[in-house]
Amino acid sequence: MAPVYQGAVLDSMFTARDPVYHKSLKSSVAQIFSMTNMKNFEVYADECTQIFMEAMLTLEGQPVDFSMWLQWYAFDVIGAITFQRRFGFTEQRRDVDDMIGKIDIGLQYVKIVGQLPFLIPLLQKGLMSRSFQRLNLLPDTFDRFMKVLITAFAYSLAGSDTTAISLRAMIYYIVKNQHVYDKIQREIDEADRNKQLSKFITYEECLKLPQATMKEAMRLHPGVGFPLERFTPPEGAEICGYRLPGQTNVSISAPVIHYITDIYGEDADSFRPERWLEASPEALKAMERYFLAVSNATQALIT
Ligand code: HEM
């Protein structure tokens with residue numbers, strides 16, 4: 001998934017395999033992604049939600065492709081957070097600059113070459129480098145520019161489609177399960193009432209079922225279906241009783257793990273958000289540990 005420029009792979013946090021380099025990339029943004037700071041981004045999401053809600057009201061009674069709308073919404077939120085500017089999908093009600101279309105093509109490519117990496121040199125030769133060369137930038141500004149570009153590109157790619165898929169899954173399962181729909185509606189109304197009564201109550205404290213519903217939807221339909229790959233360290237590793245040599249590519253797949261009945265219960269293939277609220281502390285610990293929608297891949301692989 002890393003672009004190539006003049007034969008060199010331009011790694012982002014997504015693609016870097018060297019643990020030291022990966023850690024340095026990660027620590028440079030760790031503060032930005034802290035929960036405290038994430039809350040500062042809510043204003044950007046709120047703006048997008050406002051536009052989305054107004055559009056839905058004007059379209060009331062008409063058929064809409066809701067999955068498309070959720071994707072436009074997710075892209076606008078991530079655009080607003082990453083660039084402090086919306087891409088404008090929900091306002092323009094279209095795929096601006098064919099961005100979603102292009103990312104789709106990119107993901108089709110990644111899906112195939114990710115599993116058949118010997119195709120990469122054949123397919124990639126000259127493709128990325130030509131488009132970057134056209135930028136014709138001065139060498140000293142280029143390095144910095146590329147780092148910013150790659151990071152922004154990685155976030156836009158990593159954040160938008162995954163968020164759109166997760167929102168779609170959540171809405172799909174709520175609409176398909178009337179009793180969950182009704183319970184969530186009641187819980188939200190109740191939270192609004194409590195919030196009006198006490199400024200000390202947070203929405204997080206009240207909205208347990210919507211949280212559990214989000215998790216359950218992401219369990220049944222995780223946003224990343226690709227195998228989550230890792231390479232064993234140079235000295236090799238023992239995994240599930242097998243001794244593997246160094247640099248062996250091992251992976252784990254969220255859609256497979258999420259349906260294991262020993263972890264999620266006999267009804268693991270059913271949508272039942274309540275399982276997250278009813279589980280014993282030990283059972284919940286295992287459910288969280290193997291919940292790979294936003295990845296715990298390394299931990300899950302070695303246990
Ligand atoms: C519901 C939404 C999301 C889902 C389902 C999701 C899913 C994932 C998964 C499964 C991985 C791990 C891949 C692996 O372990 O091999 C991952 C990593 C990553 N995601 Fe997300 N993601 C979401 C939202 C976002 C957002 C909003 C951003 C940034 C704006 C983002 C940025 C990243 C980055 C930078 C990594 C690499 C982290 C690392 O290597 O340590 N993701 N995501």
# chains A, B, ... in the order shown; residues from 1 in each chain; ligands from 1

$ closest_atom_pairs --of "chain A" --to "ligand 1" --cutoff "7 Å" --atoms "only C-alpha atoms and all ligand atoms" --output "JSON lines"
{"residue": "A:Met13", "atom": "CA", "partner": "ligand 1", "partner_atom_place_in_ligand_line": "40 (O)", "distance": 4.9}
{"residue": "A:Phe14", "atom": "CA", "partner": "ligand 1", "partner_atom_place_in_ligand_line": "37 (C)", "distance": 4.3}
{"residue": "A:Lys26", "atom": "CA", "partner": "ligand 1", "partner_atom_place_in_ligand_line": "41 (O)", "distance": 6.5}
{"residue": "A:Ile78", "atom": "CA", "partner": "ligand 1", "partner_atom_place_in_ligand_line": "30 (C)", "distance": 6.2}
{"residue": "A:Thr82", "atom": "CA", "partner": "ligand 1", "partner_atom_place_in_ligand_line": "30 (C)", "distance": 6.8}
{"residue": "A:Ala154", "atom": "CA", "partner": "ligand 1", "partner_atom_place_in_ligand_line": "35 (C)", "distance": 6.5}
{"residue": "A:Tyr155", "atom": "CA", "partner": "ligand 1", "partner_atom_place_in_ligand_line": "29 (C)", "distance": 4.4}
{"residue": "A:Ser156", "atom": "CA", "partner": "ligand 1", "partner_atom_place_in_ligand_line": "30 (C)", "distance": 6.4}
{"residue": "A:Ala158", "atom": "CA", "partner": "ligand 1", "partner_atom_place_in_ligand_line": "31 (C)", "distance": 4.7}
{"residue": "A:Gly159", "atom": "CA", "partner": "ligand 1", "partner_atom_place_in_ligand_line": "26 (C)", "distance": 3.3}
{"residue": "A:Ser160", "atom": "CA", "partner": "ligand 1", "partner_atom_place_in_ligand_line": "27 (C)", "distance": 6.4}
{"residue": "A:Thr162", "atom": "CA", "partner": "ligand 1", "partner_atom_place_in_ligand_line": "2 (C)", "distance": 4.5}
{"residue": "A:Thr163", "atom": "CA", "partner": "ligand 1", "partner_atom_place_in_ligand_line": "2 (C)", "distance": 3.9}
{"residue": "A:Ser166", "atom": "CA", "partner": "ligand 1", "partner_atom_place_in_ligand_line": "1 (C)", "distance": 5.3}
{"residue": "A:Pro222", "atom": "CA", "partner": "ligand 1", "partner_atom_place_in_ligand_line": "5 (C)", "distance": 6.2}
{"residue": "A:Gly223", "atom": "CA", "partner": "ligand 1", "partner_atom_place_in_ligand_line": "5 (C)", "distance": 4.3}
{"residue": "A:Val224", "atom": "CA", "partner": "ligand 1", "partner_atom_place_in_ligand_line": "10 (C)", "distance": 5.2}
{"residue": "A:Leu228", "atom": "CA", "partner": "ligand 1", "partner_atom_place_in_ligand_line": "16 (O)", "distance": 4.3}
{"residue": "A:Glu229", "atom": "CA", "partner": "ligand 1", "partner_atom_place_in_ligand_line": "16 (O)", "distance": 5.7}
{"residue": "A:Leu292", "atom": "CA", "partner": "ligand 1", "partner_atom_place_in_ligand_line": "10 (C)", "distance": 6.2}
{"residue": "A:Ala293", "atom": "CA", "partner": "ligand 1", "partner_atom_place_in_ligand_line": "10 (C)", "distance": 5.0}
{"residue": "A:Val294", "atom": "CA", "partner": "ligand 1", "partner_atom_place_in_ligand_line": "7 (C)", "distance": 4.0}
{"residue": "A:Ser295", "atom": "CA", "partner": "ligand 1", "partner_atom_place_in_ligand_line": "10 (C)", "distance": 4.3}
{"residue": "A:Asn296", "atom": "CA", "partner": "ligand 1", "partner_atom_place_in_ligand_line": "15 (O)", "distance": 6.4}
{"residue": "A:Ala297", "atom": "CA", "partner": "ligand 1", "partner_atom_place_in_ligand_line": "15 (O)", "distance": 5.2}

$ residues_around --residues "A:Pro255" --least-positions-apart "4" --cutoff "8 Å" --atoms "only C-alpha atoms" --output "list of chain:residue names"
A:Arg219, A:Leu220, A:His221, A:Pro222, A:Gly225, A:Tyr259

$ write_last_selection --atoms "C-alpha atoms" --output "PDB file, in the first residue's frame"
ATOM      1  CA  ARG A 219     -17.915  -7.782  14.883  1.00  0.00           C
ATOM      2  CA  LEU A 220     -20.277  -9.264  12.308  1.00  0.00           C
ATOM      3  CA  HIS A 221     -19.057  -7.028   9.515  1.00  0.00           C
ATOM      4  CA  PRO A 222     -15.548  -5.709  10.265  1.00  0.00           C
ATOM      5  CA  GLY A 225     -11.655  -7.961   5.728  1.00  0.00           C
ATOM      6  CA  TYR A 259     -17.488 -15.900  14.559  1.00  0.00           C
TER       7      TYR A 259
END

$ residues_around --residues "A:Phe226" --least-positions-apart "6" --cutoff "10 Å" --atoms "only C-alpha atoms" --output "tab-separated table (two decimals) with C-alpha atoms, in the first residue's frame"
chain	number	residue	atom	x	y	z
A	110	VAL	CA	-4.27	-3.75	-3.00
A	111	LYS	CA	-6.59	-6.71	-2.49
A	114	GLY	CA	-1.42	-7.89	-1.27
A	115	GLN	CA	-1.81	-11.63	-1.76
A	251	SER	CA	-1.86	-13.30	9.39
A	252	ILE	CA	-5.18	-13.39	11.17
A	253	SER	CA	-8.57	-12.52	9.75
A	254	ALA	CA	-11.19	-10.53	11.67
A	255	PRO	CA	-14.23	-11.99	9.86

$ residues_around --residues "A:Tyr181" --least-positions-apart "5" --cutoff "12 Å" --atoms "only C-alpha atoms" --output "ChimeraX atom specification"
/A:170-176,186-188,209-210,213,272-273

$ select_by_dssp --residues "stretch 13-246 of chain A" --states "helix (DSSP H, G or I)" --output "ChimeraX atom specification"
/A:19-30,35-40,42-58,66-83,89-92,96-113,117-124,127-133,139-176,178-197,203-206,208-220

$ residues_around --residues "A:Arg93" --least-positions-apart "4" --cutoff "9 Å" --atoms "only C-alpha atoms" --output "ChimeraX atom specification"
/A:69,72,88-89

$ residues_around --residues "A:Val43" --least-positions-apart "4" --cutoff "10 Å" --atoms "only C-alpha atoms" --output "mmCIF file with N, CA and C atoms, in the first residue's frame"
data_model
loop_
_atom_site.group_PDB
_atom_site.id
_atom_site.type_symbol
_atom_site.label_atom_id
_atom_site.label_comp_id
_atom_site.auth_asym_id
_atom_site.auth_seq_id
_atom_site.Cartn_x
_atom_site.Cartn_y
_atom_site.Cartn_z
ATOM 1 N N LYS A 39 -11.714 14.399 21.115
ATOM 2 C CA LYS A 39 -12.954 15.123 21.436
ATOM 3 C C LYS A 39 -12.955 16.528 20.832
ATOM 4 N N GLU A 47 -20.396 19.499 12.337
ATOM 5 C CA GLU A 47 -20.739 20.265 11.116
ATOM 6 C C GLU A 47 -21.265 19.334 10.039
ATOM 7 N N CYS A 48 -20.548 18.227 9.852
ATOM 8 C CA CYS A 48 -20.933 17.279 8.798
ATOM 9 C C CYS A 48 -22.277 16.632 9.118
ATOM 10 N N THR A 49 -22.490 16.352 10.414
ATOM 11 C CA THR A 49 -23.754 15.725 10.816
ATOM 12 C C THR A 49 -24.922 16.669 10.523
ATOM 13 N N VAL A 77 -16.302 13.742 7.067
ATOM 14 C CA VAL A 77 -15.821 13.857 8.455
ATOM 15 C C VAL A 77 -14.297 13.684 8.484
ATOM 16 N N ALA A 80 -12.594 16.631 6.994
ATOM 17 C CA ALA A 80 -12.644 17.797 7.892
ATOM 18 C C ALA A 80 -11.628 17.645 9.026
ATOM 19 N N ILE A 81 -11.477 16.419 9.538
ATOM 20 C CA ILE A 81 -10.536 16.195 10.638
ATOM 21 C C ILE A 81 -9.090 16.283 10.141
#

$ atom_distance --atom1 "atom CA of A:Asn40" --atom2 "atom CA of A:Arg94"
27.9 Å

$ closest_residue --among "A:Leu244, A:Ala237, A:Leu149, A:Met99" --to "A:Asp161" --atoms "only C-alpha atoms"
A:Met99

$ residues_around --residues "A:Val29" --least-positions-apart "5" --cutoff "12 Å" --atoms "only C-alpha atoms" --output "MDAnalysis selection string"
chainID A and resid 12:13 22:24 34 37:38 151:152 155

$ atom_distance --atom1 "atom CA of A:Gly236" --atom2 "atom CA of A:Leu116"
22.9 Å

$ select_by_dssp --residues "stretch 183-303 of chain A" --states "strand (DSSP E or B)" --output "ChimeraX atom specification"
/A:228-231,237-239,242-244,249-252

$ write_last_selection --atoms "C-alpha atoms" --output "short mmCIF file (atom, residue, chain, number, x, y, z; two decimals), in the first residue's frame"
data_model
loop_
_atom_site.label_atom_id
_atom_site.label_comp_id
_atom_site.auth_asym_id
_atom_site.auth_seq_id
_atom_site.Cartn_x
_atom_site.Cartn_y
_atom_site.Cartn_z
CA LEU A 228 -3.98 -8.61 9.15
CA GLU A 229 -0.41 -9.54 8.43
CA ARG A 230 2.72 -9.57 10.58
CA PHE A 231 6.26 -10.80 9.99
CA ALA A 237 8.63 -17.36 16.66
CA GLU A 238 6.45 -20.12 17.97
CA ILE A 239 2.81 -19.62 17.02
CA TYR A 242 4.45 -24.25 15.27
CA ARG A 243 8.04 -23.10 15.16
CA LEU A 244 8.32 -20.54 12.34
CA ASN A 249 4.41 -13.75 6.95
CA VAL A 250 1.61 -14.75 9.33
CA SER A 251 -1.86 -13.30 9.39
CA ILE A 252 -5.18 -13.39 11.17
#

$ atom_distance --atom1 "atom CA of A:Phe66" --atom2 "atom CA of A:Ile165"
11.9 Å

$ closest_residue --among "A:Gln50, A:Gln247, A:Gln178, A:Ser280" --to "A:Glu91" --atoms "only C-alpha atoms"
A:Gln50
